[in-house]
Amino acid sequence: MKFRFFIGTIISFILALYSFSPGYAAYPNPPYLCNENCSLNPGGCSAGLTCSGGQCRNPSCTVETGCNCSYEIKGRKVKAPNQTGVAPFDSQTITLDSGPNSTGDPYSFPGQSANRTVSTSVPAGSSVEYTLCYNNEACHSGAATAGSSVAVDSNQASVNGSASDYASIYWHFTPLTPNCKNINAPSSVLNGDTVSISAAYEDDGGPLTALPAGAITVYDTPGGCLSGGAVRGNQLSPNEGYTGPGTYTFNWTASTTGNYTAYCRAWNNATAECRGNASDCVDGPPRYGCDGSDGSGTTATSTMTVNNPGPWYKVKDTSLYKFGDIDVSVVQNINKFTDADADDNSSQRYIMMGTAGVGIAQGSVNTGPSYAPITLNQQQKQTSSYNMLQPYLTNFFSYIRSRKLSTTITSLGADIQANQINFADVTYPYTLNGASLSGAPATTILVFSGNIVIDGNFNVTGINNNPEKSVAIITSGTITFSQNTVYANGVFIGNNIVVENSASGDGLKIKGNLISSGSTLNRTRTDNTRPSLFVVFDPQQYLDLLPYISVDKYDQSLTN
Amino acid sequence: MKTEINNQRSGQALLIIIMLLATVFTVVMATSFRSTTETQITKLEEESLKALSAAEAAMNIALKKKSSVSIGVGGDISFPGFTGTATFDNTKTNSFTSPLLQKDEQYTFYLSDYSIDTKLFSGSSTSQTINVCFNSTHALELTLVKSDFTIRRHIVNPRSSAIITNGSTASAASDCPSGTSFTEQYDIPAADVGVNTRLLIARIITDSSTTARVGIKATDVFPLQGSTIPASATSTNTGVTKSLTLFQSYPQIPAEFFVTSF
């Protein structure tokens, strides 16, 4: 009995001492409530709570002092590393082990109160990694962890007891495709031409394993890239044998005018394929848009416009002064003026063929097309932005009247006088045709003072039984070659030259020379692989006409 | 006494008169000499101008008649007080310099004989290297026109600037016609000239407005390039002589009638 009293006294004394100790505030009797001290009685917390760090807390959010676990799981689905809004990744299904799913991007699962496992679907031909941050977003630009599911620790997420607590999970998808980029194709192509298209191929999310037909595919843009999920257009094979990553070239022949799209494609065996022009050409996994040169598909697609070639001119054995610009775009494979033409040569794809002199442009020299610009002349001897003086074009009339033997005639043909210059006193506009030179001398110089029309083939052997003559037609007005004129021989010198469109769709060939003091509108031609205007310099006519279309120069000196 | 005084006064007056007369005589003599000299100079100048006119007239008539003419009594031209001639110099030389040429002008050199009367070429050219000489501000387009109606071309830049893209480049002038300070030289190979070249046409391409000459030089002589007419006239009174030379080229095709332009 005495012993029991002694023990009770001791315990009471200790409790009395404790009750008077400074750290004693309240030490309620268990069960302890949320956030109450449980250090002396860790098992004394209320049901559902656990003693953590000496305080009773919710075991799912032991940091939170209110014991009400609540946080949000949210995030995004990106193409690695952090490209948002990329199909099909942005529509993958995010699933919580607790049930709800989401296909949205961004996605969100609010009101979480416990640990969760979050997972994502993974499209075929791709892999996924994730980054998980609690209450911040800083980790998403860092290293990711491979996997399509991740456990979320509510203890790390719910720390403030408010709805603003969150776990952020970014899913970083990587298509297992190689990449293609730097596609190089001309923007403008002449119909019928074969152009070279090149692109660079490389390993990327997956290895490049082959470059079969279609590595460059060209389709007419209005028709679309796919038809029933199948690729449309010309599937081109590389010109070179496959040797792994690198740049390859392809040939494409334009056969119809219109707008075209060329895109590259790169394969990783049967695993995945990347295609340029993803918005139009990718139907779904395992086919993805190519990264291109910037990760977004740039330079994996190119557009081209195919136009019919326009009219062009060709001169032979002469020098050229072109008013305005030399602005000519000619198909790659030209043809002669006519197949039977003896002066032209289809292998000389020059504006100035034969023994060419200097090509001079008053403005600039712009030859095309860009992929195969026509050469001005074989040696490219040229100058531009040059104003050539032509004083005799305006002064020659008064010169020949005063210095040359001349006569005035009112009709042509046999009335044309030999060995002198014939001034034609006629009504303008005056028409010259094949009969105009009937009976004329072998060397004929006709000078007019108004507009004249060359109607029909002129001074051509056989026309009106005439042999071809050396003829100079000089006028202060305009020389018009009518729609009926395809061949005209002579040195034609006019203030202006007009070449009417041919009724037959043919061009105009002049053998002699063509000289104007202003720009000339060329005729169009049905077949623009052939020159619309073909001027052949004729030395024989110049030697014959030398005494007449010439001047004398004087040099006088006092010797004493 | 009175007589002596009168005699003295008379002597003084005579002395004054003599001195006055001497002064007047001196002035008259000086003026007369100067007038004579000036008259003589004016006369010489007048004779010189007359001689020049006579020579020019003879030259023009020779040019028109296409034959030599003489000045004087019994000659083709009566020019009182003057004698002289205007002849055709048909001397062929191995060098020739063109008249002054402006920007974009061209000059036609004749490499085969040409008849201004028949307007026909004859003979053949000499197959020899032709040195073409020009100035540093100009590029040249050289065209050889052949008797078979083919052509050859050479396009030459001066050494200091590429006026024509991809043109050949001249060398420094070393063997050029005398009398003109050429700086550039380009040699047309003999093979290009051959024996069938009629014309060598040199076209100036430049942005410069400076006039210039183009010269050619070779080993053998060139055909005549035109009519060279030396003329002179001498005053029979004063002996004053004036001489001058006129060159009239053979037909020259203006560049704007030669170059295709539209």
# chains A, B, ... in the order shown; residues from 1 in each chain; ligands from 1
call {"tool": "interface_residues", "arguments": {"of": "chain B", "to": "chain A", "cutoff": "7 Å", "atoms": "only C-alpha atoms", "output": "JSON list (two decimals) with N, CA and C atoms, in the first residue's frame"}}
result
[["chain", "number", "residue", "atom", "x", "y", "z"],
["B", 99, "PRO", "N", 39.31, 58.91, -139.19],
["B", 99, "PRO", "CA", 38.95, 60.22, -138.65],
["B", 99, "PRO", "C", 38.44, 60.07, -137.22],
["B", 104, "ASP", "N", 29.67, 55.14, -130.11],
["B", 104, "ASP", "CA", 28.78, 54.26, -130.89],
["B", 104, "ASP", "C", 28.97, 54.37, -132.40],
["B", 119, "LYS", "N", 31.75, 50.30, -157.75],
["B", 119, "LYS", "CA", 31.15, 49.88, -156.49],
["B", 119, "LYS", "C", 31.34, 48.38, -156.25],
["B", 145, "VAL", "N", 34.07, 41.11, -142.53],
["B", 145, "VAL", "CA", 33.06, 40.65, -143.50],
["B", 145, "VAL", "C", 33.80, 40.02, -144.67],
["B", 149, "PHE", "N", 30.52, 35.83, -147.72],
["B", 149, "PHE", "CA", 29.37, 36.30, -146.94],
["B", 149, "PHE", "C", 29.30, 35.66, -145.55],
["B", 150, "THR", "N", 30.45, 35.36, -145.02],
["B", 150, "THR", "CA", 30.52, 34.96, -143.62],
["B", 150, "THR", "C", 31.21, 36.10, -142.86],
["B", 151, "ILE", "N", 31.17, 36.01, -141.57],
["B", 151, "ILE", "CA", 31.78, 37.05, -140.77],
["B", 151, "ILE", "C", 32.60, 36.43, -139.62],
["B", 152, "ARG", "N", 33.52, 37.21, -139.15],
["B", 152, "ARG", "CA", 34.27, 36.85, -137.94],
["B", 152, "ARG", "C", 34.16, 38.06, -137.00],
["B", 153, "ARG", "N", 34.21, 37.80, -135.72],
["B", 153, "ARG", "CA", 34.10, 38.92, -134.78],
["B", 153, "ARG", "C", 35.14, 38.81, -133.67],
["B", 164, "ILE", "N", 32.67, 45.51, -121.82],
["B", 164, "ILE", "CA", 31.85, 44.42, -122.34],
["B", 164, "ILE", "C", 32.17, 43.16, -121.54],
["B", 165, "THR", "N", 31.15, 42.61, -120.91],
["B", 165, "THR", "CA", 31.35, 41.40, -120.14],
["B", 165, "THR", "C", 31.90, 40.29, -121.03],
["B", 166, "ASN", "N", 32.95, 39.66, -120.55],
["B", 166, "ASN", "CA", 33.58, 38.53, -121.24],
["B", 166, "ASN", "C", 34.29, 38.91, -122.53],
["B", 167, "GLY", "N", 34.50, 40.19, -122.75],
["B", 167, "GLY", "CA", 35.27, 40.59, -123.92],
["B", 167, "GLY", "C", 36.75, 40.28, -123.72],
["B", 242, "LYS", "N", 50.19, 77.65, -149.89],
["B", 242, "LYS", "CA", 49.39, 76.94, -148.88],
["B", 242, "LYS", "C", 49.14, 75.52, -149.37],
["B", 243, "SER", "N", 49.33, 74.54, -148.45],
["B", 243, "SER", "CA", 49.14, 73.13, -148.79],
["B", 243, "SER", "C", 48.20, 72.49, -147.78],
["B", 244, "LEU", "N", 47.31, 71.68, -148.23],
["B", 244, "LEU", "CA", 46.43, 70.93, -147.34],
["B", 244, "LEU", "C", 46.08, 69.60, -147.98],
["B", 245, "THR", "N", 45.58, 68.70, -147.11],
["B", 245, "THR", "CA", 45.23, 67.36, -147.59],
["B", 245, "THR", "C", 43.83, 67.01, -147.14],
["B", 246, "LEU", "N", 43.04, 66.48, -148.05],
["B", 246, "LEU", "CA", 41.69, 66.03, -147.75],
["B", 246, "LEU", "C", 41.63, 64.52, -147.92],
["B", 247, "PHE", "N", 41.02, 63.89, -146.92],
["B", 247, "PHE", "CA", 40.76, 62.46, -147.06],
["B", 247, "PHE", "C", 39.26, 62.25, -147.08],
["B", 248, "GLN", "N", 38.80, 61.59, -148.12],
["B", 248, "GLN", "CA", 37.39, 61.18, -148.20],
["B", 248, "GLN", "C", 37.36, 59.66, -148.16],
["B", 249, "SER", "N", 36.65, 59.16, -147.17],
["B", 249, "SER", "CA", 36.66, 57.70, -146.98],
["B", 249, "SER", "C", 35.82, 57.02, -148.06],
["B", 250, "TYR", "N", 36.07, 55.76, -148.21],
["B", 250, "TYR", "CA", 35.13, 54.92, -148.95],
["B", 250, "TYR", "C", 33.86, 54.80, -148.12],
["B", 251, "PRO", "N", 32.80, 54.27, -148.69],
["B", 251, "PRO", "CA", 31.51, 54.25, -147.98],
["B", 251, "PRO", "C", 31.60, 53.65, -146.58],
["B", 252, "GLN", "N", 30.98, 54.33, -145.67],
["B", 252, "GLN", "CA", 30.97, 53.94, -144.27],
["B", 252, "GLN", "C", 29.55, 53.59, -143.85],
["B", 253, "ILE", "N", 29.37, 52.38, -143.39],
["B", 253, "ILE", "CA", 28.03, 51.98, -142.93],
["B", 253, "ILE", "C", 27.85, 52.51, -141.51],
["B", 254, "PRO", "N", 26.87, 53.35, -141.28],
["B", 254, "PRO", "CA", 26.65, 53.82, -139.91],
["B", 254, "PRO", "C", 26.32, 52.64, -138.99],
["B", 256, "GLU", "N", 24.28, 52.36, -136.66],
["B", 256, "GLU", "CA", 22.86, 52.12, -136.42],
["B", 256, "GLU", "C", 22.18, 51.45, -137.60],
["B", 257, "PHE", "N", 22.86, 51.39, -138.76],
["B", 257, "PHE", "CA", 22.32, 50.63, -139.88],
["B", 257, "PHE", "C", 22.89, 49.22, -139.93],
["B", 259, "VAL", "N", 23.71, 47.36, -136.75],
["B", 259, "VAL", "CA", 23.39, 46.61, -135.54],
["B", 259, "VAL", "C", 21.89, 46.36, -135.48],
["B", 260, "THR", "N", 21.53, 45.12, -135.32],
["B", 260, "THR", "CA", 20.12, 44.79, -135.17],
["B", 260, "THR", "C", 19.59, 45.49, -133.91],
["B", 261, "SER", "N", 18.50, 46.21, -134.08],
["B", 261, "SER", "CA", 17.96, 46.93, -132.92],
["B", 261, "SER", "C", 16.45, 46.93, -132.99],
["B", 262, "PHE", "N", 15.85, 46.61, -131.89],
["B", 262, "PHE", "CA", 14.38, 46.67, -131.80],
["B", 262, "PHE", "C", 13.95, 46.65, -130.35]]
call {"tool": "select_by_dssp", "arguments": {"residues": "stretch 95-246 of chain B", "states": "helix (DSSP H, G or I)", "output": "VMD selection string"}}
result
chain B and resid 190 to 193
call {"tool": "write_last_selection", "arguments": {"atoms": "C-alpha atoms", "output": "PDB file, in the first residue's frame"}}
result
ATOM      1  CA  ALA B 190      46.280  36.468-139.853  1.00  0.00           C
ATOM      2  CA  ALA B 191      44.237  33.294-139.951  1.00  0.00           C
ATOM      3  CA  ASP B 192      41.115  35.274-139.226  1.00  0.00           C
ATOM      4  CA  VAL B 193      41.918  37.834-141.866  1.00  0.00           C
TER       5      VAL B 193
END
call {"tool": "residues_around", "arguments": {"residues": "A:Asn457", "least_positions_apart": "4", "cutoff": "12 Å", "atoms": "only C-alpha atoms", "output": "JSON, numbers by chain"}}
result
{"A": [432, 433, 434, 435, 436, 437, 453, 461, 462, 463, 464, 466, 468, 481, 482, 483, 484, 485, 486, 487, 488, 489, 490, 502, 507, 508, 509, 510, 511]}
call {"tool": "select_by_dssp", "arguments": {"residues": "stretch 161-252 of chain A", "states": "strand (DSSP E or B)", "output": "MDAnalysis selection string"}}
result
chainID A and resid 166:175 179:184 188:190 194:202 210 216:220 226:227 230:231 234:236 246:252
call {"tool": "write_last_selection", "arguments": {"atoms": "C-alpha atoms", "output": "PDB file, in the first residue's frame"}}
result
ATOM      1  CA  TYR A 166      -1.207  21.252 -58.850  1.00  0.00           C
ATOM      2  CA  ALA A 167       0.905  18.652 -60.533  1.00  0.00           C
ATOM      3  CA  SER A 168       1.894  19.560 -64.042  1.00  0.00           C
ATOM      4  CA  ILE A 169       2.653  16.790 -66.517  1.00  0.00           C
ATOM      5  CA  TYR A 170       3.827  17.403 -70.053  1.00  0.00           C
ATOM      6  CA  TRP A 171       3.837  14.484 -72.425  1.00  0.00           C
ATOM      7  CA  HIS A 172       6.584  14.867 -75.000  1.00  0.00           C
ATOM      8  CA  PHE A 173       5.879  12.809 -78.107  1.00  0.00           C
ATOM      9  CA  THR A 174       8.502  12.035 -80.683  1.00  0.00           C
ATOM     10  CA  PRO A 175       7.555  10.601 -84.067  1.00  0.00           C
ATOM     11  CA  ASN A 179      13.457  14.171 -91.482  1.00  0.00           C
ATOM     12  CA  CYS A 180      13.648  15.880 -94.854  1.00  0.00           C
ATOM     13  CA  LYS A 181      14.176  19.544 -95.505  1.00  0.00           C
ATOM     14  CA  ASN A 182      15.710  22.203 -97.726  1.00  0.00           C
ATOM     15  CA  ILE A 183      13.616  21.213-100.698  1.00  0.00           C
ATOM     16  CA  ASN A 184      14.829  23.227-103.649  1.00  0.00           C
ATOM     17  CA  SER A 188       8.131  28.988-111.963  1.00  0.00           C
ATOM     18  CA  VAL A 189       8.399  26.296-114.613  1.00  0.00           C
ATOM     19  CA  LEU A 190       7.735  26.451-118.325  1.00  0.00           C
ATOM     20  CA  THR A 194      12.118  19.058-116.888  1.00  0.00           C
ATOM     21  CA  VAL A 195      13.305  20.616-113.680  1.00  0.00           C
ATOM     22  CA  SER A 196      15.548  19.394-110.939  1.00  0.00           C
ATOM     23  CA  ILE A 197      14.214  19.231-107.392  1.00  0.00           C
ATOM     24  CA  SER A 198      16.470  18.441-104.482  1.00  0.00           C
ATOM     25  CA  ALA A 199      16.010  17.852-100.779  1.00  0.00           C
ATOM     26  CA  ALA A 200      18.138  16.880 -97.803  1.00  0.00           C
ATOM     27  CA  TYR A 201      17.330  13.710 -95.859  1.00  0.00           C
ATOM     28  CA  GLU A 202      18.538  12.887 -92.343  1.00  0.00           C
ATOM     29  CA  ALA A 210      15.320   4.175 -97.683  1.00  0.00           C
ATOM     30  CA  ILE A 216       9.672  13.838-103.647  1.00  0.00           C
ATOM     31  CA  THR A 217       6.034  13.907-104.590  1.00  0.00           C
ATOM     32  CA  VAL A 218       4.482  16.590-106.781  1.00  0.00           C
ATOM     33  CA  TYR A 219       0.749  17.136-107.037  1.00  0.00           C
ATOM     34  CA  ASP A 220      -1.426  19.748-108.637  1.00  0.00           C
ATOM     35  CA  LEU A 226      -4.490  12.898-100.879  1.00  0.00           C
ATOM     36  CA  SER A 227      -7.351  11.093-102.465  1.00  0.00           C
ATOM     37  CA  ALA A 230      -3.779   7.726-100.925  1.00  0.00           C
ATOM     38  CA  VAL A 231      -1.055  10.004-102.153  1.00  0.00           C
ATOM     39  CA  ASN A 234       3.985  12.232-109.411  1.00  0.00           C
ATOM     40  CA  GLN A 235       6.058  10.162-107.039  1.00  0.00           C
ATOM     41  CA  LEU A 236       9.632  10.834-108.048  1.00  0.00           C
ATOM     42  CA  GLY A 246      22.280  13.308 -97.609  1.00  0.00           C
ATOM     43  CA  THR A 247      20.947  15.493-100.383  1.00  0.00           C
ATOM     44  CA  TYR A 248      19.276  13.866-103.360  1.00  0.00           C
ATOM     45  CA  THR A 249      17.958  15.245-106.614  1.00  0.00           C
ATOM     46  CA  PHE A 250      14.891  14.336-108.597  1.00  0.00           C
ATOM     47  CA  ASN A 251      13.612  15.256-112.030  1.00  0.00           C
ATOM     48  CA  TRP A 252      10.111  16.383-112.721  1.00  0.00           C
TER      49      TRP A 252
END
call {"tool": "residues_around", "arguments": {"residues": "B:Ser174", "least_positions_apart": "4", "cutoff": "9 Å", "atoms": "only C-alpha atoms", "output": "PyMOL selection string"}}
result
chain B and resi 182-185
call {"tool": "write_last_selection", "arguments": {"atoms": "N, CA and C atoms", "output": "PDB file, in the first residue's frame"}}
result
ATOM      1  N   PHE B 182      47.853  56.331-129.394  1.00  0.00           N
ATOM      2  CA  PHE B 182      47.046  55.176-129.007  1.00  0.00           C
ATOM      3  C   PHE B 182      47.631  54.552-127.743  1.00  0.00           C
ATOM      4  N   THR B 183      46.724  54.000-126.921  1.00  0.00           N
ATOM      5  CA  THR B 183      47.183  53.327-125.705  1.00  0.00           C
ATOM      6  C   THR B 183      46.905  51.833-125.730  1.00  0.00           C
ATOM      7  N   GLU B 184      45.942  51.410-126.544  1.00  0.00           N
ATOM      8  CA  GLU B 184      45.532  50.002-126.543  1.00  0.00           C
ATOM      9  C   GLU B 184      45.795  49.387-127.920  1.00  0.00           C
ATOM     10  N   GLN B 185      46.078  48.104-127.905  1.00  0.00           N
ATOM     11  CA  GLN B 185      46.328  47.399-129.163  1.00  0.00           C
ATOM     12  C   GLN B 185      45.743  45.991-129.083  1.00  0.00           C
TER      13      GLN B 185
END
